[in-house]
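Next comes structure21.txt, with compact mmCIF, C-alpha atoms and all ligand atoms.
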# COMPACT_ATOMS: atom_id res chain seq x y z
CA MET A 1 -36.75 1.00 3.09
CA ALA A 2 -34.86 1.49 -0.12
CA LEU A 3 -37.21 3.88 -1.78
CA ASP A 4 -35.38 6.64 -3.48
CA VAL A 5 -37.79 8.83 -5.38
CA SER A 6 -36.26 12.09 -6.48
CA ALA A 7 -37.96 15.13 -5.06
CA ASP A 8 -38.43 18.54 -6.54
CA TRP A 9 -36.43 20.43 -3.93
CA SER A 10 -37.28 23.84 -5.26
CA VAL A 11 -40.97 23.14 -4.60
CA LEU A 12 -40.08 21.50 -1.32
CA ALA A 13 -38.07 24.52 -0.25
CA LEU A 14 -40.87 26.90 -1.16
CA VAL A 15 -43.40 24.97 0.86
CA ALA A 16 -40.90 24.71 3.70
CA LEU A 17 -40.51 28.46 3.48
CA ALA A 18 -44.24 28.85 3.90
CA GLY A 19 -43.99 26.53 6.91
CA LEU A 20 -41.13 28.61 8.23
CA MET A 21 -43.17 31.80 7.96
CA LEU A 22 -45.97 30.10 9.84
CA GLY A 23 -43.49 28.82 12.39
CA LEU A 24 -42.01 32.27 12.86
CA PHE A 25 -45.47 33.75 13.21
CA ILE A 26 -46.35 31.21 15.88
CA ALA A 27 -43.02 31.88 17.55
CA TRP A 28 -43.62 35.61 17.36
CA ALA A 29 -47.11 35.29 18.82
CA ALA A 30 -45.86 32.94 21.53
CA GLY A 31 -42.99 35.33 22.13
CA ARG A 32 -45.35 37.75 23.74
CA ARG A 33 -45.67 35.29 26.55
CA GLN A 34 -42.38 33.48 26.42
CA ALA A 35 -38.78 34.30 26.97
CA ALA A 36 -37.02 36.15 24.16
CA ARG A 37 -34.04 33.79 24.22
CA LYS A 38 -36.23 30.75 23.50
CA ASP A 39 -37.79 32.48 20.44
CA SER A 40 -34.42 33.35 19.17
CA ASP A 41 -33.19 29.69 19.43
CA LEU A 42 -36.31 28.50 17.64
CA SER A 43 -35.96 31.01 14.81
CA ARG A 44 -32.25 30.26 14.44
CA ASN A 45 -32.89 26.50 14.20
CA TYR A 46 -35.59 26.98 11.57
CA PHE A 47 -33.33 29.25 9.51
CA ARG A 48 -30.59 26.61 9.72
CA GLY A 49 -33.09 23.92 8.67
CA LEU A 50 -34.31 26.00 5.76
CA ASN A 51 -30.72 26.60 4.70
CA TYR A 52 -30.08 22.86 4.60
CA LEU A 53 -33.25 22.35 2.56
CA LEU A 54 -32.18 25.01 0.05
CA ASN A 55 -28.75 23.37 -0.16
CA GLU A 56 -30.47 20.05 -0.90
CA GLU A 57 -29.29 18.51 2.35
CA PRO A 58 -32.63 17.27 3.68
CA ASP A 59 -31.13 14.80 6.19
CA LYS A 60 -29.27 17.61 7.97
CA ALA A 61 -32.45 19.70 7.77
CA ILE A 62 -34.40 16.95 9.54
CA GLU A 63 -31.81 16.82 12.32
CA VAL A 64 -32.12 20.56 12.86
CA PHE A 65 -35.90 20.47 12.85
CA ILE A 66 -35.82 17.63 15.38
CA GLN A 67 -33.45 19.70 17.54
CA ALA A 68 -35.95 22.53 17.29
CA LEU A 69 -38.53 20.19 18.76
CA GLU A 70 -36.26 19.80 21.78
CA VAL A 71 -36.55 23.55 22.21
CA ASP A 72 -40.32 23.87 21.97
CA GLU A 73 -43.10 21.25 21.90
CA ASP A 74 -45.31 23.77 20.05
CA THR A 75 -43.31 23.18 16.88
CA VAL A 76 -44.59 19.61 16.54
CA GLU A 77 -47.24 20.73 14.03
CA LEU A 78 -44.45 21.98 11.78
CA HIS A 79 -42.91 18.51 11.92
CA PHE A 80 -46.20 16.98 10.82
CA ALA A 81 -46.32 19.44 7.90
CA LEU A 82 -42.75 18.57 6.94
CA GLY A 83 -43.50 14.84 7.21
CA LYS A 84 -46.45 15.20 4.83
CA LEU A 85 -44.25 17.21 2.49
CA PHE A 86 -41.59 14.48 2.42
CA ARG A 87 -44.24 11.80 1.80
CA ARG A 88 -45.83 13.71 -1.05
CA SER A 89 -42.41 14.27 -2.60
CA GLY A 90 -41.78 10.52 -2.48
CA GLU A 91 -39.13 10.94 0.24
CA LEU A 92 -40.61 8.08 2.22
CA ASP A 93 -37.46 7.19 4.18
CA ARG A 94 -37.29 10.74 5.52
CA ALA A 95 -41.01 10.96 6.30
CA THR A 96 -40.81 7.64 8.15
CA ARG A 97 -37.75 8.69 10.13
CA LEU A 98 -39.32 11.98 11.12
CA HIS A 99 -42.53 10.33 12.36
CA GLN A 100 -40.63 7.54 14.15
CA ASN A 101 -38.55 10.17 15.92
CA LEU A 102 -41.69 11.96 17.06
CA ILE A 103 -43.23 8.73 18.38
CA ALA A 104 -40.00 7.90 20.22
CA ARG A 105 -40.23 11.10 22.27
CA PRO A 106 -41.55 10.19 25.76
CA ALA A 107 -42.79 13.72 26.38
CA LEU A 108 -45.04 13.80 23.29
CA PRO A 109 -48.68 14.32 24.40
CA PRO A 110 -50.98 11.32 23.64
CA SER A 111 -53.07 13.16 21.02
CA GLN A 112 -49.94 14.13 19.05
CA ARG A 113 -48.60 10.58 19.42
CA GLN A 114 -51.82 9.25 17.75
CA THR A 115 -51.33 11.76 14.93
CA ALA A 116 -47.71 10.64 14.50
CA ILE A 117 -48.81 6.96 14.38
CA TYR A 118 -51.49 7.82 11.83
CA GLU A 119 -48.95 9.68 9.67
CA LEU A 120 -46.40 6.86 9.99
CA ALA A 121 -49.03 4.33 8.89
CA HIS A 122 -49.58 6.46 5.77
CA ASP A 123 -45.81 6.49 5.14
CA TYR A 124 -45.81 2.68 5.26
CA MET A 125 -48.84 2.56 2.98
CA SER A 126 -47.15 4.82 0.43
CA ALA A 127 -44.06 2.60 0.61
CA GLY A 128 -46.16 -0.49 -0.13
CA LEU A 129 -45.51 -1.91 3.37
CA TYR A 130 -49.16 -2.80 3.80
CA ASP A 131 -48.73 -5.22 6.71
CA ARG A 132 -47.02 -2.54 8.83
CA ALA A 133 -49.62 0.06 7.83
CA GLU A 134 -52.39 -2.40 8.66
CA GLY A 135 -50.97 -2.99 12.18
CA LEU A 136 -50.83 0.73 12.98
CA PHE A 137 -54.27 1.53 11.55
CA GLU A 138 -55.72 -1.38 13.53
CA GLU A 139 -54.13 0.07 16.68
CA LEU A 140 -55.79 3.43 15.95
CA THR A 141 -59.29 1.91 15.56
CA GLY A 142 -59.26 1.72 19.39
CA ASN A 143 -59.01 5.52 19.57
CA SER A 144 -62.35 7.33 19.32
CA GLU A 145 -60.87 10.36 17.56
CA TYR A 146 -59.10 8.27 14.88
CA ARG A 147 -61.44 5.29 14.62
CA GLU A 148 -63.34 6.29 11.45
CA ARG A 149 -60.27 7.62 9.62
CA ALA A 150 -58.29 4.52 10.57
CA LEU A 151 -61.09 2.20 9.40
CA LEU A 152 -61.29 4.06 6.10
CA ALA A 153 -57.53 3.76 5.65
CA LEU A 154 -57.66 0.07 6.62
CA VAL A 155 -60.31 -0.50 3.96
CA ARG A 156 -57.95 1.08 1.44
CA VAL A 157 -55.10 -1.19 2.59
CA TYR A 158 -57.35 -4.25 2.12
CA GLU A 159 -58.31 -2.98 -1.35
CA LEU A 160 -54.62 -2.75 -2.27
CA GLU A 161 -54.07 -6.25 -0.87
CA LYS A 162 -57.22 -7.44 -2.71
CA ASP A 163 -58.42 -8.92 0.58
CA TRP A 164 -62.10 -8.36 -0.17
CA SER A 165 -63.47 -10.27 2.83
CA ALA A 166 -61.40 -8.16 5.23
CA ALA A 167 -62.48 -5.02 3.34
CA ILE A 168 -66.13 -6.00 3.83
CA THR A 169 -65.61 -6.65 7.56
CA ALA A 170 -63.84 -3.29 8.06
CA SER A 171 -66.55 -1.49 6.05
CA ARG A 172 -69.27 -3.08 8.18
CA SER A 173 -67.48 -1.74 11.31
CA MET A 174 -67.88 1.76 9.89
CA GLY A 175 -71.64 1.29 9.89
CA GLU A 176 -73.64 3.99 8.20
CA SER A 177 -71.30 6.82 9.14
CA GLU A 178 -69.17 6.69 6.01
CA GLN A 179 -70.86 7.91 2.84
CA GLY A 180 -70.40 5.57 -0.08
CA ASN A 181 -69.83 2.60 2.23
CA ASN A 182 -72.58 0.51 0.62
CA ILE A 183 -71.30 1.23 -2.87
CA ARG A 184 -67.83 0.04 -1.88
CA MET A 185 -69.14 -3.08 -0.15
CA LEU A 186 -71.23 -3.92 -3.20
CA HIS A 187 -68.12 -3.85 -5.37
CA TYR A 188 -66.19 -5.95 -2.83
CA TYR A 189 -68.90 -8.62 -3.12
CA CYS A 190 -68.66 -8.35 -6.92
CA GLU A 191 -64.88 -8.80 -6.63
CA LEU A 192 -65.51 -11.91 -4.51
CA ALA A 193 -67.90 -13.17 -7.20
CA GLU A 194 -65.23 -12.64 -9.87
CA LEU A 195 -62.76 -14.62 -7.74
CA GLY A 196 -65.41 -17.34 -7.55
CA PHE A 197 -65.57 -17.39 -11.37
CA ALA A 198 -61.79 -17.65 -11.56
CA GLN A 199 -61.88 -20.60 -9.15
CA GLU A 200 -64.95 -22.06 -10.95
CA ASP A 201 -66.77 -22.10 -7.62
CA MET A 202 -70.37 -21.17 -8.45
CA ASP A 203 -71.46 -21.36 -4.80
CA VAL A 204 -69.06 -18.54 -3.96
CA VAL A 205 -70.33 -16.58 -6.98
CA ALA A 206 -74.00 -17.06 -6.06
CA THR A 207 -73.50 -16.16 -2.37
CA ALA A 208 -71.46 -13.05 -3.20
CA LEU A 209 -73.97 -11.85 -5.81
CA ASP A 210 -76.91 -12.35 -3.42
CA ALA A 211 -75.11 -10.16 -0.86
CA ALA A 212 -74.29 -7.56 -3.55
CA GLN A 213 -77.88 -7.41 -4.78
CA LYS A 214 -79.16 -6.99 -1.21
CA LEU A 215 -77.13 -3.78 -1.08
CA ASP A 216 -78.41 -2.61 -4.48
CA PRO A 217 -80.70 -4.76 -6.63
CA LYS A 218 -80.16 -2.40 -9.58
CA SER A 219 -76.35 -2.54 -9.58
CA PRO A 220 -75.36 -3.02 -13.23
CA ARG A 221 -72.16 -4.79 -12.23
CA ALA A 222 -74.02 -7.34 -10.08
CA ILE A 223 -76.64 -7.88 -12.82
CA MET A 224 -73.93 -8.45 -15.43
CA LEU A 225 -72.16 -10.94 -13.19
CA LYS A 226 -75.49 -12.69 -12.65
CA VAL A 227 -75.99 -12.91 -16.41
CA GLN A 228 -72.51 -14.38 -16.64
CA MET A 229 -73.31 -16.89 -13.87
CA LEU A 230 -76.60 -17.97 -15.45
CA LEU A 231 -74.93 -18.39 -18.85
CA SER A 232 -72.18 -20.54 -17.37
CA MET A 233 -74.90 -22.70 -15.78
CA GLY A 234 -76.56 -23.08 -19.21
CA LYS A 235 -79.62 -21.04 -18.11
CA CYS A 236 -79.63 -18.91 -21.28
CA GLY A 237 -83.30 -17.90 -21.05
CA GLU A 238 -82.97 -16.54 -17.50
CA ALA A 239 -79.69 -14.88 -18.43
CA LEU A 240 -81.34 -13.10 -21.37
CA ASP A 241 -84.22 -11.95 -19.12
CA GLN A 242 -81.70 -10.27 -16.80
CA TRP A 243 -79.67 -8.80 -19.67
CA GLU A 244 -82.84 -7.49 -21.34
CA HIS A 245 -83.75 -5.75 -18.09
CA LEU A 246 -80.30 -4.15 -17.91
CA VAL A 247 -80.36 -3.02 -21.57
CA SER A 248 -83.84 -1.49 -21.10
CA ASN A 249 -82.90 0.40 -17.95
CA GLN A 250 -79.13 1.02 -17.96
CA SER A 251 -77.95 0.30 -21.49
CA GLN A 252 -74.71 2.26 -20.95
CA TYR A 253 -73.36 -0.72 -18.97
CA ALA A 254 -74.68 -3.47 -21.19
CA GLU A 255 -71.93 -3.60 -23.77
CA ILE A 256 -69.48 -5.54 -21.66
CA ILE A 257 -71.15 -8.94 -21.51
CA ASP A 258 -68.85 -10.92 -23.79
CA ASP A 259 -70.21 -14.17 -22.37
CA VAL A 260 -73.48 -13.63 -24.22
CA PHE A 261 -71.56 -13.99 -27.49
CA LEU A 262 -69.47 -16.90 -26.25
CA GLN A 263 -72.69 -18.81 -25.48
CA LEU A 264 -74.48 -17.96 -28.74
CA ASP A 265 -73.93 -21.44 -30.20
CA SER A 266 -75.71 -23.06 -27.29
CA MET A 267 -78.76 -20.78 -27.71
CA SER A 268 -81.89 -21.53 -29.71
CA LYS A 269 -82.63 -19.44 -32.83
CA THR A 270 -85.35 -17.60 -30.87
CA GLN A 271 -82.84 -16.73 -28.15
CA GLN A 272 -80.31 -15.60 -30.76
CA ARG A 273 -82.95 -13.28 -32.22
CA ARG A 274 -83.55 -11.82 -28.75
CA VAL A 275 -79.80 -11.19 -28.54
CA LEU A 276 -79.86 -9.45 -31.94
CA VAL A 277 -82.75 -7.18 -30.88
CA LEU A 278 -80.84 -6.21 -27.70
CA ILE A 279 -77.59 -5.54 -29.52
CA LYS A 280 -79.35 -3.37 -32.10
CA LYS A 281 -80.79 -1.27 -29.26
CA ILE A 282 -77.34 -0.92 -27.68
CA VAL A 283 -75.81 0.11 -31.01
CA LEU A 284 -78.41 2.86 -31.48
CA ASP A 285 -78.30 3.99 -27.81
CA LEU A 286 -74.54 3.98 -27.42
CA GLU A 287 -72.97 4.12 -30.88
CA ASP A 288 -71.04 1.08 -29.71
CA LEU A 289 -68.71 -0.08 -32.47
CA PRO A 290 -67.80 -3.58 -31.21
CA MET A 291 -71.51 -4.24 -30.71
CA ALA A 292 -72.21 -3.03 -34.26
CA GLU A 293 -69.68 -5.50 -35.66
CA LYS A 294 -71.23 -8.33 -33.62
CA ALA A 295 -74.75 -7.36 -34.69
CA ILE A 296 -73.83 -7.43 -38.39
CA GLU A 297 -72.20 -10.84 -37.97
CA LEU A 298 -75.19 -12.23 -36.08
CA CYS A 299 -77.71 -10.66 -38.49
CA ALA A 300 -75.92 -12.10 -41.54
CA GLY A 301 -75.81 -15.54 -39.86
CA LEU A 302 -79.51 -15.50 -38.95
CA ASP A 303 -81.12 -13.71 -41.92
CA GLY A 304 -78.48 -13.49 -44.68
CA GLN A 305 -76.19 -10.76 -46.06
CA ALA A 306 -79.08 -8.72 -47.55
CA ALA A 307 -80.55 -8.24 -44.06
CA ALA A 308 -77.12 -7.24 -42.73
CA ASP A 309 -76.69 -4.69 -45.55
CA SER A 310 -80.10 -3.29 -44.83
CA LEU A 311 -79.07 -2.82 -41.17
CA LEU A 312 -75.91 -1.01 -42.35
CA HIS A 313 -78.10 1.35 -44.42
CA VAL A 314 -80.22 2.12 -41.34
CA TRP A 315 -77.11 2.94 -39.29
CA SER A 316 -75.52 5.02 -42.05
CA ASN A 317 -78.61 7.24 -41.85
CA ASN A 318 -79.54 7.12 -38.17
CA CYS A 319 -76.23 6.97 -36.35
CA SER A 320 -73.87 9.89 -36.08
CA GLY A 321 -70.60 8.67 -34.60
CA PRO A 322 -68.21 5.75 -35.19
CA VAL A 323 -71.07 3.38 -36.09
CA ARG A 324 -71.97 5.61 -39.01
CA ILE A 325 -68.38 5.60 -40.28
CA TYR A 326 -68.28 1.85 -39.86
CA ALA A 327 -71.57 1.36 -41.74
CA LEU A 328 -70.50 3.61 -44.61
CA LYS A 329 -67.13 1.90 -44.90
CA ARG A 330 -68.72 -1.53 -44.95
CA LEU A 331 -71.24 -0.47 -47.61
CA VAL A 332 -68.63 1.11 -49.85
CA GLU A 333 -66.12 -1.73 -49.41
CA ALA A 334 -68.82 -4.25 -50.34
CA ASP A 335 -69.55 -2.09 -53.41
CA GLY A 336 -73.20 -2.51 -52.61
CA GLU A 337 -74.01 1.18 -52.82
CA THR A 338 -73.16 3.36 -55.81
CA SER A 339 -75.40 6.41 -55.51
CA ALA A 340 -73.80 9.88 -55.60
CA GLU A 341 -74.93 10.61 -52.04
CA TYR A 342 -73.15 7.55 -50.67
CA ALA A 343 -70.05 8.28 -52.74
CA ALA A 344 -69.87 11.71 -51.10
CA LEU A 345 -70.46 10.26 -47.63
CA ALA A 346 -67.95 7.52 -48.25
CA ASN A 347 -65.27 10.04 -49.20
CA PHE A 348 -65.78 11.64 -45.84
CA ALA A 349 -66.02 8.36 -43.96
CA LEU A 350 -62.93 6.79 -45.50
CA GLY A 351 -60.86 9.78 -44.42
CA SER A 352 -62.14 9.50 -40.86
CA GLU A 353 -60.51 7.51 -38.11
CA ILE A 354 -62.72 5.39 -35.94
CA GLU A 355 -61.96 6.43 -32.38
CA SER A 356 -62.13 4.06 -29.48
CA THR A 357 -64.53 4.74 -26.66
CA ASP A 358 -63.41 6.76 -23.65
CA TYR A 359 -64.52 6.35 -20.09
CA LEU A 360 -64.47 9.31 -17.74
CA CYS A 361 -64.46 9.35 -13.93
CA SER A 362 -67.34 11.51 -12.71
CA GLU A 363 -65.43 12.17 -9.47
CA CYS A 364 -61.98 13.27 -10.68
CA GLY A 365 -62.10 13.45 -14.48
CA PHE A 366 -59.69 10.53 -15.03
CA GLU A 367 -59.94 9.12 -18.57
CA ALA A 368 -59.62 5.43 -19.42
CA LYS A 369 -59.79 3.48 -22.65
CA ALA A 370 -61.54 0.54 -21.02
CA MET A 371 -64.31 0.23 -18.47
CA LEU A 372 -62.91 0.00 -14.92
CA TRP A 373 -65.08 -0.47 -11.83
CA GLN A 374 -62.64 1.41 -9.58
CA CYS A 375 -61.04 4.65 -10.68
CA PRO A 376 -57.24 4.16 -10.49
CA ASN A 377 -56.80 7.87 -9.82
CA CYS A 378 -59.27 8.69 -7.03
CA ASN A 379 -60.11 5.08 -5.97
CA GLN A 380 -63.85 5.75 -6.22
CA TRP A 381 -65.97 2.71 -7.11
CA GLY A 382 -68.45 2.77 -9.99
CA SER A 383 -67.57 6.32 -11.03
CA LEU A 384 -66.34 5.71 -14.59
CA MET A 385 -68.94 6.55 -17.20
CA ARG A 386 -68.92 5.96 -20.90
CA GLN A 387 -68.24 9.08 -22.99
CA PHE A 388 -69.77 9.71 -26.37
CA GLY A 389 -67.44 10.86 -29.12
CA ASN A 390 -68.01 13.94 -31.26
CA ASP A 391 -70.69 13.58 -33.84
CA ILE A 392 -69.62 13.41 -37.44
CA PRO A 393 -70.96 16.46 -39.27
CA ALA A 394 -73.93 15.78 -41.54
CA VAL A 395 -73.10 15.49 -45.21
CA LYS A 396 -75.36 17.14 -47.80
CA GLY A 397 -78.60 15.22 -48.30
CA SER A 398 -78.29 13.04 -45.25
CA GLN A 399 -79.93 13.11 -41.86
CA GLY A 400 -77.51 13.17 -38.91
ZN ZN B 501 -61.58 9.21 -10.35
What does the file become when written as structure tokens?
Amino acid sequence: MALDVSADWSVLALVALAGLMLGLFIAWAAGRRQAARKDSDLSRNYFRGLNYLLNEEPDKAIEVFIQALEVDEDTVELHFALGKLFRRSGELDRATRLHQNLIARPALPPSQRQTAIYELAHDYMSAGLYDRAEGLFEELTGNSEYRERALLALVRVYELEKDWSAAITASRSMGESEQGNNIRMLHYYCELAELGFAQEDMDVVATALDAAQKLDPKSPRAIMLKVQMLLSMGKCGEALDQWEHLVSNQSQYAEIIDDVFLQLDSMSKTQQRRVLVLIKKIVLDLEDLPMAEKAIELCAGLDGQAAADSLLHVWSNNCSGPVRIYALKRLVEADGETSAEYAALANFALGSEIESTDYLCSECGFEAKAMLWQCPNCNQWGSLMRQFGNDIPAVKGSQG
């Protein structure tokens, strides 16, 4: 492996020091029962190892720690701690070497060998060597103590490989024991459906969405993909029924269906009016700026510019965030509003920046500028939620 990520050795040394203290404590406690000479060798080796770490000579440090293992099998836990430390510092070559050395020791007890294999698999995973990680995790699924952890890690490997079918199979093996399993599987089926769209294979899309909706009929992602599928099949009426249901019940997810707008031309006027009603609800519920722009365009096309201006007036009074700024700007730019109240509001609005929407992970607090179904920070599925920006303060004479 040619991964050379620079480590913060001062932090590494501090943590190693903590490990050393623990090691010395264990050695001291064990010393009550063991020979004094053995303790002394152990302590001396750990001091030498620490010295190498402080001198930024981690390879020599590893050699000394491995020698210490020759002295006392009880120190193996310290090796695991050091291995984790190397991995977290991006020193993947060193972590791998340390765990391989442990596995190579014939005298290592079976339970510690499983731990070493599990840790080595994580080293491979961190290094992007997914096939090697996969092989080791698969081996560990045969061990009752590691089975669930190994399956969970395998699922993560398949996610990284985007092998959604394998991820579903591994998740099914976990049964009901893993919390959040159904949520993950639902998103794997949705991923399969999206692949089906990319390959223009509607059978794959339909089968995957049926399986997803069996896991959760209310899943907004599955409903949106279904809307997309129905639209691509020209079933605009059915698609609008599904979308309407989503907007009524979970409007925070409804803004993403671009396909509705792409198919507008193939819809009847009545269907286009249904779309306009739904978008207007989303704009009011979510202060969604792109939706506001689309609504104005659609409204002007269906009912003329006067109707669109009238909608802008409604939003300038009833919305409080970016949609209000947008409405005021449009009204002032069109010079369609000259009253003193609007002039005052417009002064404020024109000096305001329209901020883009943020999405926040409810699990880890990660912020994104676009909707993502899997959090890139904590890997949780379906945890990103739309955030509402700060309200614009009310200007004299207006209702917020
Ligand atoms: Zn997260």
Restrict the calculation to all atoms listed in the file, then for each residue of chain A with any atom at most 9 Å from an atom of ligand ZN 501 (chain B) give the closest atom pair and their distance in Å to one decimal, rows by chain and rising residue number, as CSV.
residue,atom,partner,partner_atom,distance
A:Leu360,CA,B:ZN501,ZN,7.9
A:Cys361,CA,B:ZN501,ZN,4.6
A:Ser362,CA,B:ZN501,ZN,6.6
A:Glu363,CA,B:ZN501,ZN,4.9
A:Cys364,CA,B:ZN501,ZN,4.1
A:Gly365,CA,B:ZN501,ZN,5.9
A:Phe366,CA,B:ZN501,ZN,5.2
A:Glu367,CA,B:ZN501,ZN,8.4
A:Gln374,CA,B:ZN501,ZN,7.9
A:Cys375,CA,B:ZN501,ZN,4.6
A:Pro376,CA,B:ZN501,ZN,6.7
A:Asn377,CA,B:ZN501,ZN,5.0
A:Cys378,CA,B:ZN501,ZN,4.1
A:Asn379,CA,B:ZN501,ZN,6.2
A:Gln380,CA,B:ZN501,ZN,5.8
A:Trp381,CA,B:ZN501,ZN,8.5
A:Ser383,CA,B:ZN501,ZN,6.7
A:Leu384,CA,B:ZN501,ZN,7.3
>> With distances taken over all atoms listed in the file, which residue among A:Leu264, A:Ile325, A:Leu160, A:Val247 lies nearest Met224 in chain A?
In response: A:Val247
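Pairwise distance (CA of Ala334 in chain A, CA of Ile279 in chain A) equals 22.6 Å.
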> When distances are computed from all atoms listed in the file, which of A:Lys280, A:His79, A:Lys269, A:Arg172 shows the smallest separation from Ala292 in chain A?
Replying inline: A:Lys280
>> So that I can see what lies close to Arg274 in chain A, please list as JSON, numbers by chain the residues with an atom at most 12 Å from it, counting all atoms listed in the file and leaving out residues fewer than 3 positions away in the same chain.
In response: {"A": [236, 237, 239, 240, 241, 243, 244, 247, 260, 264, 267, 268, 269, 270, 271, 277, 278, 279, 280, 281, 295, 298, 299, 302]}
>> Applying 12 Å and all atoms listed in the file, which residues near Leu215 in chain A remain after dropping the ones on its own chain fewer than 5 positions away? List them as a list in words.
In response: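 Contacts, in chain order: Gly180, Asn181, Asn182, Ile183, Arg184, Met185, Leu186, His187, Tyr188, Tyr189, Cys190, Ala208, Leu209, Asp210 and Ala222 of chain A.
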>> Just to confirm, what's the straight-line distance from CA of Ala170 in chain A to CA of Lys226 in chain A in Å (one decimal)?
In response: 25.6 Å
